[in-house]
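S.K.: Supplied structure: structure_31.cif, mmCIF, C-alpha atoms.
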data_target
#
loop_
_atom_site.label_atom_id
_atom_site.label_comp_id
_atom_site.auth_asym_id
_atom_site.auth_seq_id
_atom_site.Cartn_x
_atom_site.Cartn_y
_atom_site.Cartn_z
CA MET A 1 -32.31 -7.75 -0.96
CA LYS A 2 -29.18 -5.61 -0.79
CA ASP A 3 -26.06 -7.18 -2.26
CA SER A 4 -23.37 -8.37 0.12
CA VAL A 5 -20.09 -10.00 -0.77
CA GLU A 6 -17.80 -12.67 0.62
CA ILE A 7 -14.24 -13.20 -0.61
CA LEU A 8 -13.23 -16.86 -0.81
CA CYS A 9 -9.53 -17.36 -1.56
CA ILE A 10 -8.57 -20.89 -2.58
CA GLY A 11 -5.10 -22.34 -2.17
CA THR A 12 -3.31 -24.59 0.28
CA GLU A 13 -0.20 -22.44 -0.19
CA ILE A 14 -2.06 -19.53 1.46
CA LEU A 15 -3.03 -21.64 4.47
CA LEU A 16 0.57 -22.84 4.85
CA GLY A 17 1.87 -19.28 4.73
CA ASN A 18 3.94 -19.92 1.62
CA ILE A 19 2.46 -16.86 -0.10
CA VAL A 20 0.94 -13.63 1.16
CA ASN A 21 -2.74 -13.24 0.32
CA THR A 22 -2.70 -9.79 -1.30
CA ASN A 23 -5.75 -10.63 -3.43
CA SER A 24 -8.16 -10.07 -0.53
CA GLN A 25 -6.75 -6.60 0.06
CA THR A 26 -7.05 -5.66 -3.61
CA ILE A 27 -10.62 -6.90 -3.86
CA SER A 28 -11.65 -5.32 -0.54
CA ARG A 29 -10.43 -1.90 -1.62
CA GLY A 30 -12.17 -2.16 -4.96
CA LEU A 31 -15.47 -3.15 -3.37
CA ALA A 32 -15.24 -0.26 -0.90
CA ASP A 33 -14.74 2.16 -3.78
CA ILE A 34 -18.08 1.19 -5.33
CA GLY A 35 -20.04 0.92 -2.11
CA MET A 36 -20.44 -2.85 -1.98
CA ASP A 37 -20.90 -4.41 1.46
CA LEU A 38 -18.17 -6.91 2.32
CA TYR A 39 -18.64 -8.90 5.53
CA HIS A 40 -16.41 -11.97 5.35
CA HIS A 41 -12.98 -13.15 4.15
CA THR A 42 -12.44 -16.91 3.93
CA VAL A 43 -9.45 -19.02 2.90
CA VAL A 44 -9.78 -22.71 2.04
CA GLY A 45 -7.26 -25.24 0.75
CA ASP A 46 -7.29 -27.11 -2.56
CA ASN A 47 -9.79 -29.71 -1.41
CA PRO A 48 -13.11 -30.06 -3.28
CA GLN A 49 -15.14 -31.13 -0.24
CA ARG A 50 -13.90 -28.29 1.96
CA LEU A 51 -14.34 -25.85 -0.94
CA LYS A 52 -17.94 -27.05 -1.36
CA GLU A 53 -18.60 -26.54 2.35
CA ALA A 54 -16.98 -23.08 2.31
CA LEU A 55 -19.07 -22.13 -0.72
CA GLU A 56 -22.29 -23.26 0.94
CA THR A 57 -21.42 -21.30 4.08
CA ALA A 58 -20.56 -18.19 2.07
CA PHE A 59 -23.85 -18.28 0.15
CA SER A 60 -25.81 -18.85 3.36
CA ARG A 61 -24.82 -15.34 4.50
CA ASN A 62 -24.08 -13.42 1.27
CA ASN A 63 -25.54 -13.41 -2.22
CA ILE A 64 -22.24 -12.69 -4.01
CA VAL A 65 -19.07 -14.77 -3.60
CA ILE A 66 -15.80 -13.77 -5.24
CA THR A 67 -13.23 -16.54 -5.46
CA THR A 68 -9.55 -16.39 -6.34
CA GLY A 69 -7.40 -19.34 -7.32
CA GLY A 70 -8.03 -22.88 -8.53
CA LEU A 71 -8.61 -22.03 -12.22
CA GLY A 72 -5.32 -23.42 -13.52
CA PRO A 73 -4.49 -26.59 -15.48
CA THR A 74 -3.39 -28.95 -12.68
CA TYR A 75 -5.37 -31.73 -11.04
CA ASP A 76 -6.00 -29.75 -7.85
CA ASP A 77 -7.42 -26.71 -9.71
CA LEU A 78 -11.06 -27.57 -9.06
CA THR A 79 -12.77 -24.22 -8.44
CA LYS A 80 -14.80 -24.16 -11.67
CA GLU A 81 -15.84 -27.77 -11.32
CA THR A 82 -16.96 -27.34 -7.71
CA ILE A 83 -18.84 -24.09 -8.29
CA ALA A 84 -20.44 -25.30 -11.52
CA ASN A 85 -21.65 -28.38 -9.66
CA TYR A 86 -23.08 -26.13 -6.91
CA PHE A 87 -25.16 -24.32 -9.55
CA GLY A 88 -26.05 -27.58 -11.32
CA LEU A 89 -24.13 -26.68 -14.48
CA GLU A 90 -21.95 -28.74 -16.82
CA LEU A 91 -18.60 -27.54 -18.17
CA GLU A 92 -18.18 -27.06 -21.89
CA MET A 93 -15.35 -25.99 -24.15
CA TYR A 94 -15.34 -22.23 -24.73
CA GLU A 95 -13.70 -21.90 -28.12
CA PRO A 96 -12.42 -18.29 -27.85
CA ALA A 97 -10.62 -19.23 -24.63
CA ARG A 98 -9.19 -22.35 -26.23
CA GLU A 99 -7.79 -20.32 -29.13
CA TRP A 100 -6.35 -17.71 -26.77
CA ILE A 101 -4.63 -20.38 -24.63
CA ILE A 102 -3.04 -22.01 -27.70
CA SER A 103 -1.87 -18.64 -29.00
CA PHE A 104 -0.53 -17.56 -25.58
CA ILE A 105 1.46 -20.77 -25.13
CA GLU A 106 2.89 -20.60 -28.65
CA ARG A 107 3.98 -16.98 -28.12
CA SER A 108 5.63 -18.02 -24.87
CA HIS A 109 7.53 -20.79 -26.69
CA ARG A 110 6.10 -23.41 -24.38
CA THR A 111 4.73 -26.85 -25.17
CA LEU A 112 0.95 -27.15 -25.39
CA THR A 113 -0.31 -30.00 -23.20
CA GLU A 114 -3.81 -31.41 -22.98
CA ASN A 115 -4.34 -30.23 -19.43
CA SER A 116 -3.63 -26.65 -20.54
CA LEU A 117 -6.92 -26.69 -22.44
CA LYS A 118 -8.75 -27.65 -19.23
CA GLN A 119 -8.69 -23.95 -18.48
CA ALA A 120 -10.97 -23.30 -21.48
CA MET A 121 -13.73 -25.52 -20.05
CA MET A 122 -16.32 -23.08 -18.72
CA PRO A 123 -19.67 -23.46 -16.90
CA GLN A 124 -22.63 -23.42 -19.28
CA GLY A 125 -24.16 -19.98 -19.71
CA CYS A 126 -21.58 -18.16 -17.61
CA ILE A 127 -20.11 -14.74 -18.38
CA VAL A 128 -16.53 -15.40 -19.45
CA MET A 129 -13.88 -12.84 -18.45
CA GLU A 130 -10.80 -12.58 -20.64
CA ASN A 131 -7.37 -12.99 -19.06
CA HIS A 132 -4.91 -10.67 -20.81
CA ASN A 133 -2.05 -11.62 -18.50
CA GLY A 134 -2.29 -15.40 -18.37
CA THR A 135 -4.12 -18.45 -19.67
CA ALA A 136 -6.97 -19.00 -17.18
CA PRO A 137 -10.18 -17.07 -18.01
CA GLY A 138 -12.42 -15.87 -15.22
CA ALA A 139 -16.15 -16.55 -15.00
CA ILE A 140 -19.34 -15.12 -13.52
CA ILE A 141 -22.27 -17.42 -12.78
CA GLU A 142 -25.71 -16.05 -11.96
CA GLY A 143 -28.49 -18.23 -10.59
CA ASP A 144 -31.28 -18.21 -8.00
CA GLY A 145 -30.36 -14.70 -6.84
CA ARG A 146 -26.77 -15.75 -6.21
CA ILE A 147 -23.63 -14.76 -8.07
CA ALA A 148 -20.27 -16.51 -8.11
CA ILE A 149 -17.35 -14.55 -9.54
CA MET A 150 -14.27 -16.66 -10.23
CA LEU A 151 -10.88 -14.98 -10.63
CA PRO A 152 -7.42 -16.48 -11.20
CA GLY A 153 -5.02 -16.65 -8.25
CA PRO A 154 -1.84 -14.91 -9.49
CA PRO A 155 -2.18 -11.22 -8.49
CA LYS A 156 -0.82 -9.98 -11.83
CA GLU A 157 -3.73 -11.79 -13.51
CA MET A 158 -6.37 -11.28 -10.83
CA ALA A 159 -5.98 -7.53 -10.25
CA PRO A 160 -6.47 -6.33 -13.87
CA MET A 161 -9.40 -8.71 -14.41
CA PHE A 162 -11.05 -7.54 -11.21
CA ARG A 163 -10.48 -3.87 -11.99
CA ASP A 164 -11.44 -3.92 -15.67
CA GLN A 165 -14.22 -6.52 -15.74
CA VAL A 166 -15.60 -7.26 -12.27
CA ILE A 167 -15.84 -3.68 -10.99
CA PRO A 168 -17.89 -2.45 -14.01
CA TYR A 169 -20.17 -5.49 -13.65
CA LEU A 170 -20.78 -4.81 -9.94
CA GLU A 171 -21.12 -1.05 -10.37
CA LYS A 172 -24.17 -1.60 -12.53
CA ARG A 173 -25.78 -3.45 -9.64
CA SER A 174 -24.94 -1.00 -6.83
CA GLY A 175 -26.42 2.13 -8.43
CA ARG A 176 -24.11 4.24 -6.23
CA VAL A 177 -20.43 4.98 -5.99
CA LEU A 178 -18.32 5.13 -2.88
CA ARG A 179 -15.26 7.35 -3.26
CA SER A 180 -12.49 8.03 -0.77
CA HIS A 181 -9.47 10.24 -0.29
CA CYS A 182 -6.66 9.38 2.11
CA ILE A 183 -5.14 12.28 4.07
CA HIS A 184 -1.66 11.42 5.38
CA PHE A 185 -0.36 12.84 8.69
CA PHE A 186 3.08 12.76 10.28
CA GLY A 187 4.02 14.18 13.65
CA ILE A 188 0.70 13.62 15.42
CA GLY A 189 -0.43 10.35 17.00
CA GLU A 190 -3.59 8.45 16.14
CA SER A 191 -5.01 8.83 19.65
CA ALA A 192 -4.49 12.62 19.66
CA LEU A 193 -6.02 13.01 16.22
CA GLU A 194 -8.95 10.74 17.02
CA TYR A 195 -9.57 12.58 20.32
CA GLN A 196 -9.68 15.95 18.59
CA LEU A 197 -11.99 14.74 15.81
CA HIS A 198 -14.06 12.23 17.79
CA GLU A 199 -17.20 14.31 18.15
CA GLN A 200 -17.11 15.38 14.51
CA MET A 201 -16.61 11.78 13.31
CA GLU A 202 -19.54 10.55 15.41
CA GLN A 203 -21.87 13.17 13.91
CA MET A 204 -20.83 12.60 10.30
CA THR A 205 -22.91 10.28 8.13
CA ASN A 206 -21.98 11.21 4.57
CA PRO A 207 -19.12 11.79 4.12
CA THR A 208 -17.46 9.84 6.92
CA LEU A 209 -14.01 10.01 8.53
CA ALA A 210 -12.02 6.98 9.68
CA PRO A 211 -8.49 7.00 11.16
CA TYR A 212 -5.90 4.32 10.39
CA ALA A 213 -2.59 4.05 12.23
CA LYS A 214 0.56 3.32 10.29
CA GLU A 215 4.11 2.93 11.61
CA GLY A 216 4.81 6.38 13.02
CA GLU A 217 2.03 7.92 10.93
CA VAL A 218 -1.73 8.34 10.76
CA MET A 219 -4.04 8.19 7.76
CA LEU A 220 -7.55 9.64 7.69
CA ARG A 221 -9.87 8.20 5.08
CA VAL A 222 -12.64 10.57 3.93
CA THR A 223 -15.41 8.61 2.23
CA ALA A 224 -18.59 9.73 0.49
CA SER A 225 -21.48 7.79 -1.03
CA ALA A 226 -23.19 9.38 -4.02
CA THR A 227 -24.88 8.73 -7.34
CA ASP A 228 -21.74 9.66 -9.28
CA GLU A 229 -18.08 10.61 -8.77
CA GLN A 230 -18.65 14.35 -9.11
CA GLN A 231 -21.26 14.41 -6.37
CA ALA A 232 -19.01 12.33 -4.11
CA GLU A 233 -16.16 14.79 -4.65
CA GLU A 234 -18.41 17.74 -3.84
CA LEU A 235 -19.42 16.08 -0.57
CA MET A 236 -15.81 15.43 0.45
CA GLN A 237 -14.17 18.74 -0.46
CA PRO A 238 -15.44 20.82 2.54
CA VAL A 239 -14.17 18.17 4.95
CA ILE A 240 -10.80 17.95 3.20
CA LYS A 241 -10.46 21.73 3.20
CA GLN A 242 -11.23 21.90 6.93
CA LEU A 243 -8.63 19.19 7.71
CA TYR A 244 -5.94 21.01 5.73
CA GLN A 245 -6.71 24.24 7.58
CA GLN A 246 -6.76 22.59 10.99
CA TYR A 247 -3.72 20.31 10.55
CA LYS A 248 -1.57 22.09 7.96
CA ASP A 249 1.57 21.43 10.05
CA TYR A 250 0.98 17.67 10.07
CA ILE A 251 -0.51 16.77 6.68
CA TYR A 252 2.09 15.72 4.15
CA GLY A 253 -0.21 14.79 1.29
CA MET A 254 -3.42 13.29 -0.01
CA ASP A 255 -3.54 9.94 -1.80
CA VAL A 256 0.26 9.81 -1.93
CA GLY A 257 0.65 6.46 -0.20
CA ASP A 258 3.66 7.25 1.99
CA LEU A 259 6.25 9.83 2.97
CA GLN A 260 8.90 8.74 0.49
CA THR A 261 6.47 9.00 -2.42
CA ALA A 262 5.49 12.50 -1.30
CA VAL A 263 9.18 13.50 -1.15
CA VAL A 264 9.98 12.11 -4.58
CA ARG A 265 6.92 13.60 -6.26
CA MET A 266 7.34 17.07 -4.77
CA ALA A 267 11.10 17.22 -5.40
CA ALA A 268 10.60 16.13 -9.00
CA GLN A 269 7.77 18.64 -9.43
CA LYS A 270 9.99 21.47 -8.18
CA GLY A 271 13.08 20.26 -10.04
CA LEU A 272 15.08 19.77 -6.83
CA THR A 273 17.73 17.14 -6.06
CA LEU A 274 18.58 15.47 -2.78
CA ALA A 275 21.35 13.37 -1.21
CA THR A 276 21.62 11.57 2.12
CA ALA A 277 24.35 10.92 4.68
CA GLU A 278 23.33 8.28 7.21
CA SER A 279 24.90 6.70 10.23
CA CYS A 280 22.48 4.87 12.56
CA THR A 281 19.88 4.31 9.83
CA GLY A 282 22.39 2.52 7.59
CA GLY A 283 20.92 3.73 4.32
CA TYR A 284 17.26 3.38 5.34
CA VAL A 285 16.36 6.87 4.10
CA ALA A 286 18.05 6.28 0.75
CA LYS A 287 16.36 2.89 0.39
CA ARG A 288 12.90 4.29 1.03
CA ILE A 289 13.45 7.07 -1.51
CA THR A 290 14.80 4.71 -4.18
CA ASP A 291 11.90 2.31 -3.59
CA VAL A 292 9.79 4.92 -5.39
CA ALA A 293 9.69 4.69 -9.18
CA GLY A 294 11.04 7.85 -10.74
CA SER A 295 13.33 8.73 -7.83
CA SER A 296 16.36 8.79 -10.15
CA VAL A 297 15.38 12.28 -11.36
CA MET A 298 15.77 13.77 -7.87
CA PHE A 299 18.09 11.50 -5.85
CA HIS A 300 21.84 11.94 -6.31
CA CYS A 301 23.41 9.57 -3.79
CA GLY A 302 23.33 8.07 -0.33
CA ILE A 303 26.43 7.75 1.85
CA VAL A 304 26.43 5.39 4.84
CA SER A 305 29.09 6.83 7.11
CA TYR A 306 29.22 4.66 10.21
CA ALA A 307 32.91 5.16 10.93
CA ASN A 308 34.14 8.55 12.10
CA GLU A 309 37.00 8.28 9.60
CA VAL A 310 34.44 8.16 6.78
CA LYS A 311 32.57 11.12 8.23
CA GLU A 312 35.84 13.05 8.15
CA ARG A 313 37.38 11.82 4.89
CA VAL A 314 34.27 11.57 2.70
CA LEU A 315 31.84 14.09 4.20
CA GLY A 316 34.33 16.60 5.52
CA VAL A 317 33.15 16.53 9.13
CA ARG A 318 35.87 18.28 11.14
CA HIS A 319 37.97 16.14 13.47
CA GLU A 320 37.56 18.81 16.14
CA THR A 321 33.77 18.51 15.90
CA LEU A 322 33.88 14.78 16.48
CA GLU A 323 36.36 15.14 19.31
CA GLN A 324 34.46 17.90 21.12
CA TYR A 325 30.81 16.95 20.49
CA GLY A 326 30.90 13.32 19.36
CA ALA A 327 29.44 11.56 16.33
CA VAL A 328 25.92 11.82 17.78
CA SER A 329 25.50 15.56 18.05
CA GLU A 330 23.82 18.56 16.48
CA GLN A 331 27.14 19.82 15.17
CA THR A 332 28.03 16.53 13.46
CA ALA A 333 24.58 16.30 11.88
CA GLN A 334 25.01 19.83 10.52
CA GLU A 335 28.37 19.05 8.97
CA MET A 336 27.20 15.70 7.56
CA ALA A 337 24.28 17.38 5.78
CA ARG A 338 26.52 20.12 4.45
CA GLY A 339 29.14 17.59 3.41
CA VAL A 340 26.89 15.26 1.46
CA ARG A 341 25.43 18.22 -0.34
CA ARG A 342 28.94 19.34 -1.32
CA VAL A 343 30.06 15.85 -2.38
CA SER A 344 26.94 15.10 -4.41
CA GLY A 345 26.12 18.49 -5.87
CA ALA A 346 22.52 18.05 -4.74
CA GLU A 347 20.47 21.06 -3.69
CA ILE A 348 19.35 19.41 -0.43
CA GLY A 349 21.52 17.38 1.94
CA ILE A 350 19.88 15.22 4.63
CA SER A 351 21.83 13.63 7.49
CA VAL A 352 21.00 11.17 10.26
CA THR A 353 23.20 10.28 13.22
CA GLY A 354 22.11 8.61 16.43
CA ILE A 355 22.11 5.62 18.76
CA ALA A 356 19.78 2.86 17.54
CA GLY A 357 20.70 0.40 20.31
CA PRO A 358 20.26 -1.91 22.00
CA ASP A 359 23.75 -1.03 23.24
CA GLY A 360 25.82 2.13 23.11
CA GLY A 361 23.61 4.44 25.12
CA THR A 362 24.74 6.56 28.06
CA PRO A 363 22.83 8.75 30.53
CA GLU A 364 23.85 11.79 28.47
CA LYS A 365 23.16 10.13 25.12
CA PRO A 366 20.57 7.35 25.58
CA VAL A 367 19.42 4.76 23.06
CA GLY A 368 16.96 6.46 20.72
CA LEU A 369 18.75 9.81 20.63
CA VAL A 370 18.86 10.90 16.99
CA TYR A 371 19.91 14.10 15.23
CA ILE A 372 18.55 14.78 11.76
CA GLY A 373 20.03 17.59 9.72
CA VAL A 374 19.10 19.34 6.51
CA ASN A 375 21.23 21.73 4.49
CA SER A 376 20.13 23.85 1.54
CA ASP A 377 20.48 27.41 0.30
CA TRP A 378 17.05 28.38 1.63
CA HIS A 379 16.60 26.22 4.75
CA SER A 380 18.94 24.52 7.21
CA GLU A 381 18.18 23.03 10.61
CA VAL A 382 18.84 20.10 12.92
CA LEU A 383 16.16 18.12 14.75
CA LYS A 384 16.96 16.49 18.08
CA LEU A 385 14.73 13.50 18.77
CA ASN A 386 14.45 10.71 21.31
CA LEU A 387 12.75 7.88 19.51
CA ALA A 388 13.01 5.12 22.13
CA ARG A 389 9.61 3.53 22.78
CA ASN A 390 10.65 0.46 24.82
CA PHE A 391 9.42 -1.81 22.04
CA GLN A 392 10.69 -5.36 21.75
CA ASN A 393 12.52 -4.55 18.51
CA GLU A 394 13.80 -1.19 19.72
CA ARG A 395 16.64 -0.93 17.22
CA GLU A 396 14.42 -1.37 14.19
CA ASN A 397 11.83 1.01 15.65
CA VAL A 398 14.43 3.76 16.16
CA ARG A 399 15.86 3.29 12.67
CA TYR A 400 12.47 3.36 10.95
CA LEU A 401 11.17 6.38 12.88
CA ALA A 402 14.44 8.21 12.26
CA SER A 403 14.09 7.60 8.53
CA SER A 404 10.49 8.85 8.64
CA ASN A 405 11.51 12.03 10.43
CA ALA A 406 14.30 12.55 7.91
CA LEU A 407 11.83 12.22 5.04
CA SER A 408 9.44 14.62 6.78
CA LEU A 409 12.22 17.19 7.19
CA ALA A 410 13.20 16.74 3.55
CA LEU A 411 9.61 17.36 2.47
CA LYS A 412 9.38 20.46 4.68
CA THR A 413 12.52 21.81 3.03
CA ILE A 414 11.26 21.04 -0.47
CA LEU A 415 7.96 22.78 0.22
CA ALA A 416 9.80 25.83 1.63
CA LYS A 417 11.51 26.44 -1.71
CA LYS A 418 9.75 29.29 -3.48
#
Output the file's structure as structure tokens, nothing else.
M.R.:
Amino acid sequence: MKDSVEILCIGTEILLGNIVNTNSQTISRGLADIGMDLYHHTVVGDNPQRLKEALETAFSRNNIVITTGGLGPTYDDLTKETIANYFGLELEMYEPAREWIISFIERSHRTLTENSLKQAMMPQGCIVMENHNGTAPGAIIEGDGRIAIMLPGPPKEMAPMFRDQVIPYLEKRSGRVLRSHCIHFFGIGESALEYQLHEQMEQMTNPTLAPYAKEGEVMLRVTASATDEQQAEELMQPVIKQLYQQYKDYIYGMDVGDLQTAVVRMAAQKGLTLATAESCTGGYVAKRITDVAGSSVMFHCGIVSYANEVKERVLGVRHETLEQYGAVSEQTAQEMARGVRRVSGAEIGISVTGIAGPDGGTPEKPVGLVYIGVNSDWHSEVLKLNLARNFQNERENVRYLASSNALSLALKTILAKK
């Protein structure tokens, strides 16, 4: 029988929407990487009867169940008890875990309570997984062709335990690896990309191609199944090479995550610095860049210049330019980009000016009209865009797409530097 997995996340706080269930995403991605079949996600509250029913349902359709949550010291942390009872096992004190919990609490200058040691009670004969980031150990129970893998709920504890201990355990069972690369596109829609590649994707079996739409972007996942990582890479490389040749004007990176990360990494790699001057985006471009760790080496400053007086006084936009062409114009975008570069001393200046809405548009300058400028010694240009899509949250849509286009133009300029 081929292994298949169900994820069972335990916690009333997830059902109530008090926390976001990122654990399922982390586990799903990890299972995909090693070629494990995952067919169901389930969430159940902290109730032993409902947990028992969810466990029985999960094992009726899968032979491996991975749980998160319910391993802590409180009265409603009943995952181990419920699953041990399902397998007909008693709980017993696991001395190494007990010693670790005592040591962890002492180092944290907290008071050791009796219920803290409840976490060291483990199902008889289970595989105990060490928790290097908390007090609750994980456990793996094997019995009657079924496997229960219990992980703690806090993501900072769950993710390392899953990566370092569960993945190696499951890899030994799968006998194959599944490896993927994510190719990131900007400037081409998902429907256009899927239409152009549809026939090829239908014919492919190993590796495979799958498109994923992001806000204003597209990601293509190339996936190969093989006996080892090297073979998987060899299967994927011809496909990746073909995509880069066919879509070189749209691909901004592989496995980079997002546009801002690509900008930061490439600017840092080339030793270039950047500054932003923003009007309608209100600092959105600067925020996205500074969300990336390590951006301090390449980002000098961001100036939010909503008022025309600030455009003139701080950025040096000429009064005549604003009078003749207006704040939302190619000329103003040019001077904003040049000005922020001068003020900051950065090698690249990026500007954004436009009408985000919902008000302020005219027939000549409608909502969604945005100008994005770049200024550098080797490349300068201004993009004119109309980003209105008639979405419910039009203002936010315009601002986000404008910031994405600004990042794309910044990356183009960075790559153009020889």
S.K.: Separation of CA of Ile34 in chain A and CA of Arg163 in chain A, in Å?
M.R.: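 Distance between the two atoms: 11.3 Å.
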S.K.: Residues within 6 Å of range 313-325 of chain A, please, as a ChimeraX atom specification. Count all atoms listed in the file; anything in the same chain fewer than 5 positions from it doesn't count.
M.R.: /A:335-336,339-340
S.K.: May I have the residues from that selection written out with C-alpha atoms, as a compact mmCIF listing (two decimals), in the coordinates of the input?
M.R.:
# COMPACT_ATOMS: atom_id res chain seq x y z
CA GLU A 335 28.37 19.05 8.97
CA MET A 336 27.20 15.70 7.56
CA GLY A 339 29.14 17.59 3.41
CA VAL A 340 26.89 15.26 1.46
S.K.: Which residues are near Pro207 in chain A? Cut-off 10 Å, only C-alpha atoms, ignore same chain within fewer than 3 positions. Put them as a list in words.
M.R.: Leu178, Arg179, Ser180, Met201, Met204, Arg221, Val222, Thr223, Ala224, Ser225, Ala226, Ala232, Glu233, Glu234, Leu235, Met236, Gln237, Pro238 and Val239 of chain A
S.K.: Dig up all the protein and nucleic acid residues within 10 Å of (0.0, -18.0, -8.7) in the file frame, using all atoms listed in the file, and format them as a PyMOL selection string.
M.R.: chain A and resi 11+13+19+68-70+72+152-158
S.K.: Emit the selected residues as a CSV table (one decimal), in the coordinates of the input, including C-alpha atoms.
M.R.:
chain,number,residue,atom,x,y,z
A,11,GLY,CA,-5.1,-22.3,-2.2
A,13,GLU,CA,-0.2,-22.4,-0.2
A,19,ILE,CA,2.5,-16.9,-0.1
A,68,THR,CA,-9.6,-16.4,-6.3
A,69,GLY,CA,-7.4,-19.3,-7.3
A,70,GLY,CA,-8.0,-22.9,-8.5
A,72,GLY,CA,-5.3,-23.4,-13.5
A,152,PRO,CA,-7.4,-16.5,-11.2
A,153,GLY,CA,-5.0,-16.6,-8.2
A,154,PRO,CA,-1.8,-14.9,-9.5
A,155,PRO,CA,-2.2,-11.2,-8.5
A,156,LYS,CA,-0.8,-10.0,-11.8
A,157,GLU,CA,-3.7,-11.8,-13.5
A,158,MET,CA,-6.4,-11.3,-10.8
S.K.: Counting all atoms listed in the file, find residues at most 12 Å from (-22.9, -16.9, -0.9) (file frame) and give them as a VMD selection string.
M.R.: chain A and resid 3 to 8 38 to 42 52 to 67 83 86 to 87 141 to 149
S.K.: Assuming 8 Å of padding per side, give the centre and edge lengths of the axis-aligned box around every listed atom of range 56-66 of chain A, in Å to one decimal and as JSON.
M.R.:
{"center_x": -20.8, "center_y": -18.0, "center_z": -0.4, "size_x": 26.0, "size_y": 26.6, "size_z": 25.7}
S.K.: Once the PyMOL selection byres ((chain A and resi 129) around 10) is applied to the coordinates I shared, what remains selected? I want it as number ranges by chain.
M.R.: A: 97, 126-128, 130-132, 136-140, 149-151, 161-162, 164-166
S.K.: Starting from the displayed file, determine the output of the PyMOL selection byres ((chain A and resi 30) around 10) and express the residue list as a CSV table (one decimal) with C-alpha atoms, keeping the file's coordinate frame.
M.R.:
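What ended up in out.csv:
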chain,number,residue,atom,x,y,z
A,24,SER,CA,-8.2,-10.1,-0.5
A,25,GLN,CA,-6.8,-6.6,0.1
A,26,THR,CA,-7.0,-5.7,-3.6
A,27,ILE,CA,-10.6,-6.9,-3.9
A,28,SER,CA,-11.6,-5.3,-0.5
A,29,ARG,CA,-10.4,-1.9,-1.6
A,31,LEU,CA,-15.5,-3.2,-3.4
A,32,ALA,CA,-15.2,-0.3,-0.9
A,33,ASP,CA,-14.7,2.2,-3.8
A,34,ILE,CA,-18.1,1.2,-5.3
A,35,GLY,CA,-20.0,0.9,-2.1
A,36,MET,CA,-20.4,-2.8,-2.0
A,159,ALA,CA,-6.0,-7.5,-10.2
A,162,PHE,CA,-11.0,-7.5,-11.2
A,163,ARG,CA,-10.5,-3.9,-12.0
A,166,VAL,CA,-15.6,-7.3,-12.3
A,167,ILE,CA,-15.8,-3.7,-11.0
A,178,LEU,CA,-18.3,5.1,-2.9
S.K.: Apply the PyMOL selection byres ((chain A and resi 173) around 10) to the structure shown and report the selected residues as a ChimeraX atom specification.
M.R.: /A:2-3,34,36,168-172,174-176
S.K.: In Å, rounded to a single decimal, give me how far CA of Ser344 in chain A is from CA of Cys301 in chain A.
M.R.: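 Calculated distance between CA of Cys301 in chain A and CA of Ser344 in chain A is 6.6 Å.
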S.K.: What gap, in Å, lies between CA of Thr208 in chain A and CA of Gln260 in chain A?
M.R.: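 Distance between the two atoms: 27.2 Å.
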S.K.: I'd like the neighbourhood of Val304 in chain A as a ChimeraX atom specification, where a residue qualifies if any of its atoms comes within 12 Å (using only C-alpha atoms), though same-chain residues fewer than 4 positions away should be ignored.
M.R.: /A:275-287,308-311,314-315,336,340,350-353
S.K.: Just to be explicit: take each residue in the selection above, keep C-alpha atoms, and write the result as a CSV table (one decimal), keeping the file's coordinate frame.
M.R.:
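Saved as again.csv:
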chain,number,residue,atom,x,y,z
A,275,ALA,CA,21.4,13.4,-1.2
A,276,THR,CA,21.6,11.6,2.1
A,277,ALA,CA,24.4,10.9,4.7
A,278,GLU,CA,23.3,8.3,7.2
A,279,SER,CA,24.9,6.7,10.2
A,280,CYS,CA,22.5,4.9,12.6
A,281,THR,CA,19.9,4.3,9.8
A,282,GLY,CA,22.4,2.5,7.6
A,283,GLY,CA,20.9,3.7,4.3
A,284,TYR,CA,17.3,3.4,5.3
A,285,VAL,CA,16.4,6.9,4.1
A,286,ALA,CA,18.0,6.3,0.8
A,287,LYS,CA,16.4,2.9,0.4
A,308,ASN,CA,34.1,8.6,12.1
A,309,GLU,CA,37.0,8.3,9.6
A,310,VAL,CA,34.4,8.2,6.8
A,311,LYS,CA,32.6,11.1,8.2
A,314,VAL,CA,34.3,11.6,2.7
A,315,LEU,CA,31.8,14.1,4.2
A,336,MET,CA,27.2,15.7,7.6
A,340,VAL,CA,26.9,15.3,1.5
A,350,ILE,CA,19.9,15.2,4.6
A,351,SER,CA,21.8,13.6,7.5
A,352,VAL,CA,21.0,11.2,10.3
A,353,THR,CA,23.2,10.3,13.2
